[in-house]
file coords_19.txt (compact mmCIF, C-alpha atoms)
# COMPACT_ATOMS: atom_id res chain seq x y z
CA MET A 1 -10.98 0.16 -19.21
CA SER A 2 -12.16 -0.06 -15.62
CA LYS A 3 -9.68 -1.67 -13.25
CA LYS A 4 -9.97 -3.19 -9.81
CA ILE A 5 -7.73 -1.20 -7.49
CA VAL A 6 -6.84 -2.21 -3.95
CA VAL A 7 -5.53 0.62 -1.77
CA ILE A 8 -3.78 -0.36 1.46
CA THR A 9 -3.09 2.47 3.87
CA GLY A 10 -0.56 2.47 6.67
CA SER A 11 -1.22 5.64 8.64
CA PRO A 12 -2.85 5.80 12.06
CA ARG A 13 -3.71 9.48 11.50
CA LYS A 14 -7.27 9.59 10.13
CA LYS A 15 -6.76 13.12 8.81
CA GLY A 16 -3.03 12.82 8.15
CA ASN A 17 -1.02 13.84 5.13
CA SER A 18 -0.74 10.41 3.50
CA ILE A 19 -4.48 9.85 4.02
CA ALA A 20 -5.24 13.18 2.31
CA MET A 21 -3.20 12.02 -0.69
CA THR A 22 -4.90 8.61 -0.55
CA GLU A 23 -8.33 10.21 -0.69
CA ALA A 24 -7.29 12.43 -3.60
CA PHE A 25 -6.08 9.36 -5.50
CA ILE A 26 -9.22 7.34 -4.74
CA LYS A 27 -11.52 10.17 -5.81
CA ALA A 28 -9.65 10.60 -9.12
CA ALA A 29 -9.54 6.84 -9.75
CA GLU A 30 -13.27 6.45 -9.12
CA GLU A 31 -14.02 9.40 -11.38
CA LYS A 32 -12.17 7.51 -14.13
CA GLY A 33 -14.49 4.54 -13.59
CA HIS A 34 -12.12 2.31 -11.61
CA ARG A 35 -13.43 0.22 -8.72
CA VAL A 36 -11.48 0.92 -5.55
CA THR A 37 -11.36 -1.21 -2.42
CA ARG A 38 -9.59 0.39 0.53
CA PHE A 39 -8.06 -1.36 3.52
CA ASP A 40 -6.85 0.75 6.44
CA ALA A 41 -4.26 -1.55 7.98
CA VAL A 42 -4.23 0.42 11.24
CA ASP A 43 -7.88 -0.49 11.88
CA MET A 44 -7.38 -4.17 11.18
CA LYS A 45 -6.20 -7.13 13.21
CA LEU A 46 -2.91 -7.99 11.51
CA GLY A 47 0.09 -9.87 12.78
CA GLY A 48 3.47 -10.56 11.31
CA CYS A 49 4.33 -13.58 9.22
CA HIS A 50 5.02 -16.71 11.29
CA ALA A 51 7.08 -18.30 8.47
CA CYS A 52 5.17 -21.55 8.97
CA GLU A 53 4.75 -21.92 5.20
CA THR A 54 1.26 -23.37 5.54
CA CYS A 55 -0.16 -20.58 3.36
CA TYR A 56 -3.40 -21.57 1.61
CA LYS A 57 -3.32 -25.08 3.13
CA THR A 58 -6.60 -24.28 4.90
CA GLY A 59 -8.09 -22.52 1.87
CA ARG A 60 -7.22 -19.12 3.32
CA ALA A 61 -4.10 -17.12 2.58
CA CYS A 62 -2.86 -17.56 6.14
CA SER A 63 -3.42 -20.37 8.61
CA PHE A 64 -3.42 -17.78 11.38
CA ASP A 65 -6.88 -16.25 11.23
CA ASP A 66 -6.61 -12.49 11.11
CA ASP A 67 -7.62 -9.73 8.72
CA PHE A 68 -4.93 -10.52 6.16
CA ASN A 69 -7.39 -13.20 5.06
CA LEU A 70 -9.73 -10.34 4.05
CA ILE A 71 -7.02 -8.47 2.17
CA ALA A 72 -5.48 -11.40 0.28
CA PRO A 73 -8.51 -12.29 -1.90
CA ALA A 74 -8.90 -8.64 -2.90
CA VAL A 75 -5.21 -8.44 -3.86
CA LEU A 76 -5.51 -11.64 -5.90
CA GLU A 77 -8.46 -10.18 -7.84
CA ALA A 78 -6.96 -6.70 -8.22
CA ASP A 79 -5.41 -5.26 -11.33
CA VAL A 80 -3.61 -2.61 -9.28
CA VAL A 81 -2.31 -2.49 -5.69
CA VAL A 82 -1.54 0.93 -4.18
CA PHE A 83 0.33 1.27 -0.91
CA THR A 84 0.01 4.58 0.95
CA MET A 85 1.91 5.52 4.08
CA PRO A 86 4.01 8.02 5.97
CA VAL A 87 7.63 7.22 6.78
CA TYR A 88 7.98 6.12 10.41
CA TRP A 89 11.50 6.10 11.80
CA TYR A 90 12.94 5.88 8.29
CA SER A 91 10.92 2.84 7.36
CA ILE A 92 7.49 1.37 6.67
CA PRO A 93 4.94 1.75 9.50
CA SER A 94 4.28 -1.56 11.24
CA GLN A 95 0.59 -1.37 10.36
CA ILE A 96 1.33 -1.86 6.66
CA LYS A 97 4.57 -3.81 7.01
CA ALA A 98 2.57 -6.76 8.33
CA VAL A 99 0.50 -6.74 5.13
CA ILE A 100 3.56 -6.57 2.87
CA ASP A 101 5.31 -9.37 4.79
CA ARG A 102 2.25 -11.58 4.55
CA MET A 103 2.18 -11.29 0.76
CA TYR A 104 4.83 -13.98 1.06
CA SER A 105 1.85 -16.33 1.20
CA PHE A 106 1.24 -15.82 -2.52
CA CYS A 107 4.78 -16.99 -3.30
CA VAL A 108 4.64 -19.99 -0.94
CA ALA A 109 1.34 -21.14 -2.43
CA GLY A 110 2.49 -20.60 -6.01
CA LYS A 111 -0.28 -18.12 -6.74
CA ASP A 112 0.06 -16.47 -10.14
CA ILE A 113 0.05 -12.81 -9.19
CA ALA A 114 2.36 -11.55 -11.93
CA GLY A 115 1.34 -8.70 -14.17
CA LYS A 116 -0.39 -6.45 -11.65
CA GLU A 117 0.38 -2.78 -11.43
CA CYS A 118 1.66 -1.30 -8.20
CA ALA A 119 1.93 2.27 -6.96
CA LEU A 120 3.22 4.03 -3.88
CA ILE A 121 2.00 7.20 -2.18
CA ALA A 122 4.22 8.28 0.72
CA CYS A 123 5.34 11.30 2.68
CA CYS A 124 7.84 12.14 5.38
CA GLU A 125 8.71 14.90 7.83
CA GLU A 126 12.20 15.72 6.62
CA ASN A 127 13.00 17.60 3.41
CA ASP A 128 15.63 15.05 2.39
CA MET A 129 14.15 12.87 -0.39
CA SER A 130 16.44 9.98 0.58
CA VAL A 131 14.37 9.57 3.76
CA LEU A 132 11.63 8.14 1.53
CA ASP A 133 14.00 5.34 0.44
CA GLY A 134 12.96 3.44 3.57
CA VAL A 135 9.52 2.89 2.06
CA ARG A 136 10.25 3.25 -1.63
CA ILE A 137 12.91 0.57 -1.94
CA PRO A 138 11.03 -2.20 -0.06
CA VAL A 139 7.86 -1.55 -2.06
CA GLU A 140 9.76 -1.50 -5.36
CA ARG A 141 11.66 -4.70 -4.49
CA SER A 142 8.46 -6.44 -3.33
CA ALA A 143 6.75 -5.46 -6.57
CA ALA A 144 9.70 -6.78 -8.58
CA LEU A 145 9.66 -10.09 -6.71
CA MET A 146 5.95 -10.52 -7.45
CA LYS A 147 6.51 -9.43 -11.07
CA TRP A 148 4.35 -6.33 -10.69
CA HIS A 149 4.91 -3.20 -12.76
CA MET A 150 5.51 0.01 -10.80
CA ALA A 151 2.92 2.34 -12.34
CA GLY A 152 4.03 5.36 -10.35
CA GLU A 153 5.13 6.90 -7.11
CA VAL A 154 4.12 10.05 -5.27
CA LEU A 155 6.85 10.88 -2.74
CA ILE A 156 6.38 14.08 -0.75
CA PRO A 157 8.99 15.27 1.76
CA GLY A 158 8.69 18.04 4.33
CA VAL A 159 5.25 17.31 5.82
CA LEU A 160 4.81 16.53 9.50
CA ASN A 161 1.75 18.16 10.96
CA THR A 162 -1.76 17.34 9.85
CA GLY A 163 -2.59 19.63 6.93
CA ASP A 164 1.02 20.26 5.88
CA ILE A 165 0.27 18.37 2.67
CA GLU A 166 -1.89 21.32 1.58
CA LYS A 167 1.31 23.42 1.35
CA THR A 168 2.56 21.03 -1.36
CA ASP A 169 1.23 19.58 -4.59
CA GLY A 170 1.03 16.10 -3.02
CA CYS A 171 -2.73 15.73 -3.38
CA GLN A 172 -2.57 16.91 -6.99
CA GLN A 173 0.23 14.40 -7.71
CA ALA A 174 -1.80 11.63 -6.06
CA ALA A 175 -4.84 12.48 -8.16
CA ALA A 176 -2.66 12.55 -11.29
CA LEU A 177 -1.38 9.08 -10.39
CA ALA A 178 -4.84 7.77 -11.32
CA ASP A 179 -4.04 8.78 -14.92
CA LYS A 180 -1.07 6.38 -14.96
CA ILE A 181 -3.16 3.38 -13.92
call {"tool": "encode", "arguments": {"input": "coords_19.txt", "output": "structure tokens"}}
result
Amino acid sequence: MSKKIVVITGSPRKKGNSIAMTEAFIKAAEEKGHRVTRFDAVDMKLGGCHACETCYKTGRACSFDDDFNLIAPAVLEADVVVFTMPVYWYSIPSQIKAVIDRMYSFCVAGKDIAGKECALIACCEENDMSVLDGVRIPVERSAALMKWHMAGEVLIPGVLNTGDIEKTDGCQQAAALADKI
């Protein structure tokens, strides 16, 4: 069965390691017949949540008019949401954190978003797998709050420089993630 997949990236490196894994996942998912919509958060105008709780009062997800209002409808229609990112200073890069924070709008507005699948593709410089906890745990907890099922995670340590991902099986794992969706 073909699914609608939204991929939200959080890396400013156009040829970076997490983007290489993202592209491997997208290619495999499209080959399986899924429809993929990709949002590169770094190229979008996105601000943090203002906690005004006026979500959807204007018909848009956020009363503050920025590109989250492009992402939100796609997420609502999606069967699967995939977050991809590198670890920045032991946490989620700000480019994608703004998107995750703004998903609060679905909860405020009482949108029924339960039952979606969620996946995470991430990498980090250090070889210590616990470094990836800074992105893994917030994504898992956010998915749990929204009643999404974690379909899978690709977590690759030990990659810093562009191209380091090719020394690992990260792209192969990302492509295999499409089989779990």
call {"tool": "residues_around", "arguments": {"input": "coords_19.txt", "residues": "Gln172 of chain A", "least_positions_apart": "2", "cutoff": "10 Å", "atoms": "only C-alpha atoms", "output": "JSON list (two decimals) with C-alpha atoms, in the coordinates of the input"}}
result
[["chain", "number", "residue", "atom", "x", "y", "z"],
["A", 21, "MET", "CA", -3.20, 12.02, -0.69],
["A", 24, "ALA", "CA", -7.29, 12.43, -3.60],
["A", 25, "PHE", "CA", -6.08, 9.36, -5.50],
["A", 28, "ALA", "CA", -9.65, 10.60, -9.12],
["A", 154, "VAL", "CA", 4.12, 10.05, -5.27],
["A", 166, "GLU", "CA", -1.89, 21.32, 1.58],
["A", 168, "THR", "CA", 2.56, 21.03, -1.36],
["A", 169, "ASP", "CA", 1.23, 19.58, -4.59],
["A", 170, "GLY", "CA", 1.03, 16.10, -3.02],
["A", 174, "ALA", "CA", -1.80, 11.63, -6.06],
["A", 175, "ALA", "CA", -4.84, 12.48, -8.16],
["A", 176, "ALA", "CA", -2.66, 12.55, -11.29],
["A", 177, "LEU", "CA", -1.38, 9.08, -10.39]]
call {"tool": "residues_around", "arguments": {"input": "coords_19.txt", "residues": "Val87 of chain A", "least_positions_apart": "4", "cutoff": "12 Å", "atoms": "all atoms listed in the file", "output": "MDAnalysis selection string"}}
result
chainID A and resid 10:12 17:18 91:97 120:126 129:136 155:160
call {"tool": "residues_near_point", "arguments": {"input": "coords_19.txt", "point": "(-3.4, 13.8, 8.3)", "cutoff": "7 Å", "atoms": "only C-alpha atoms", "output": "PyMOL selection string"}}
result
chain A and resi 13-20+162-163
call {"tool": "residues_around", "arguments": {"input": "coords_19.txt", "residues": "segment 51-53 of chain A", "least_positions_apart": "4", "cutoff": "10 Å", "atoms": "all atoms listed in the file", "output": "short mmCIF file (atom, residue, chain, number, x, y, z; two decimals) with C-alpha atoms, keeping the file's coordinate frame"}}
result
data_model
loop_
_atom_site.label_atom_id
_atom_site.label_comp_id
_atom_site.auth_asym_id
_atom_site.auth_seq_id
_atom_site.Cartn_x
_atom_site.Cartn_y
_atom_site.Cartn_z
CA LYS A 57 -3.32 -25.08 3.13
CA CYS A 62 -2.86 -17.56 6.14
CA SER A 63 -3.42 -20.37 8.61
CA PHE A 64 -3.42 -17.78 11.38
CA ASP A 101 5.31 -9.37 4.79
CA ARG A 102 2.25 -11.58 4.55
CA TYR A 104 4.83 -13.98 1.06
CA SER A 105 1.85 -16.33 1.20
CA CYS A 107 4.78 -16.99 -3.30
CA VAL A 108 4.64 -19.99 -0.94
CA ALA A 109 1.34 -21.14 -2.43
#
call {"tool": "atom_distance", "arguments": {"input": "coords_19.txt", "atom1": "atom CA of Lys4 of chain A", "atom2": "atom CA of Ile26 of chain A"}}
result
11.7 Å
call {"tool": "residues_around", "arguments": {"input": "coords_19.txt", "residues": "Ser2 of chain A", "least_positions_apart": "6", "cutoff": "12 Å", "atoms": "all atoms listed in the file", "output": "PyMOL selection string"}}
result
chain A and resi 29-36+78-80+178+181
call {"tool": "atom_distance", "arguments": {"input": "coords_19.txt", "atom1": "atom CA of Pro73 of chain A", "atom2": "atom CA of Glu23 of chain A"}}
result
22.5 Å
call {"tool": "closest_residue", "arguments": {"input": "coords_19.txt", "among": "A:Ala98, A:Ala119, A:Ala72, A:Met146", "to": "Ala41 of chain A", "atoms": "all atoms listed in the file"}}
result
A:Ala98
call {"tool": "closest_residue", "arguments": {"input": "coords_19.txt", "among": "A:Met103, A:Phe68, A:Gly110, A:Lys3", "to": "Lys180 of chain A", "atoms": "only C-alpha atoms"}}
result
A:Lys3
call {"tool": "closest_residue", "arguments": {"input": "coords_19.txt", "among": "A:His149, A:Phe83, A:Val99, A:Tyr56", "to": "Met44 of chain A", "atoms": "all atoms listed in the file"}}
result
A:Val99
call {"tool": "atom_distance", "arguments": {"input": "coords_19.txt", "atom1": "atom CA of Lys147 of chain A", "atom2": "atom CA of Asp128 of chain A"}}
result
29.4 Å
call {"tool": "axis_aligned_box", "arguments": {"input": "coords_19.txt", "around": "segment 61-65 of chain A", "padding_each_side": "3 Å", "output": "JSON"}}
result
{"center_x": -4.9, "center_y": -18.3, "center_z": 7.0, "size_x": 10.0, "size_y": 10.1, "size_z": 14.8}
call {"tool": "closest_residue", "arguments": {"input": "coords_19.txt", "among": "A:Met85, A:Ile100, A:Ile113, A:Ala74", "to": "Glu153 of chain A", "atoms": "all atoms listed in the file"}}
result
A:Met85
call {"tool": "residues_near_point", "arguments": {"input": "coords_19.txt", "point": "(-11.7, -17.4, 0.2)", "cutoff": "8 Å", "atoms": "only C-alpha atoms", "output": "PyMOL selection string"}}
result
chain A and resi 59-61+69+73
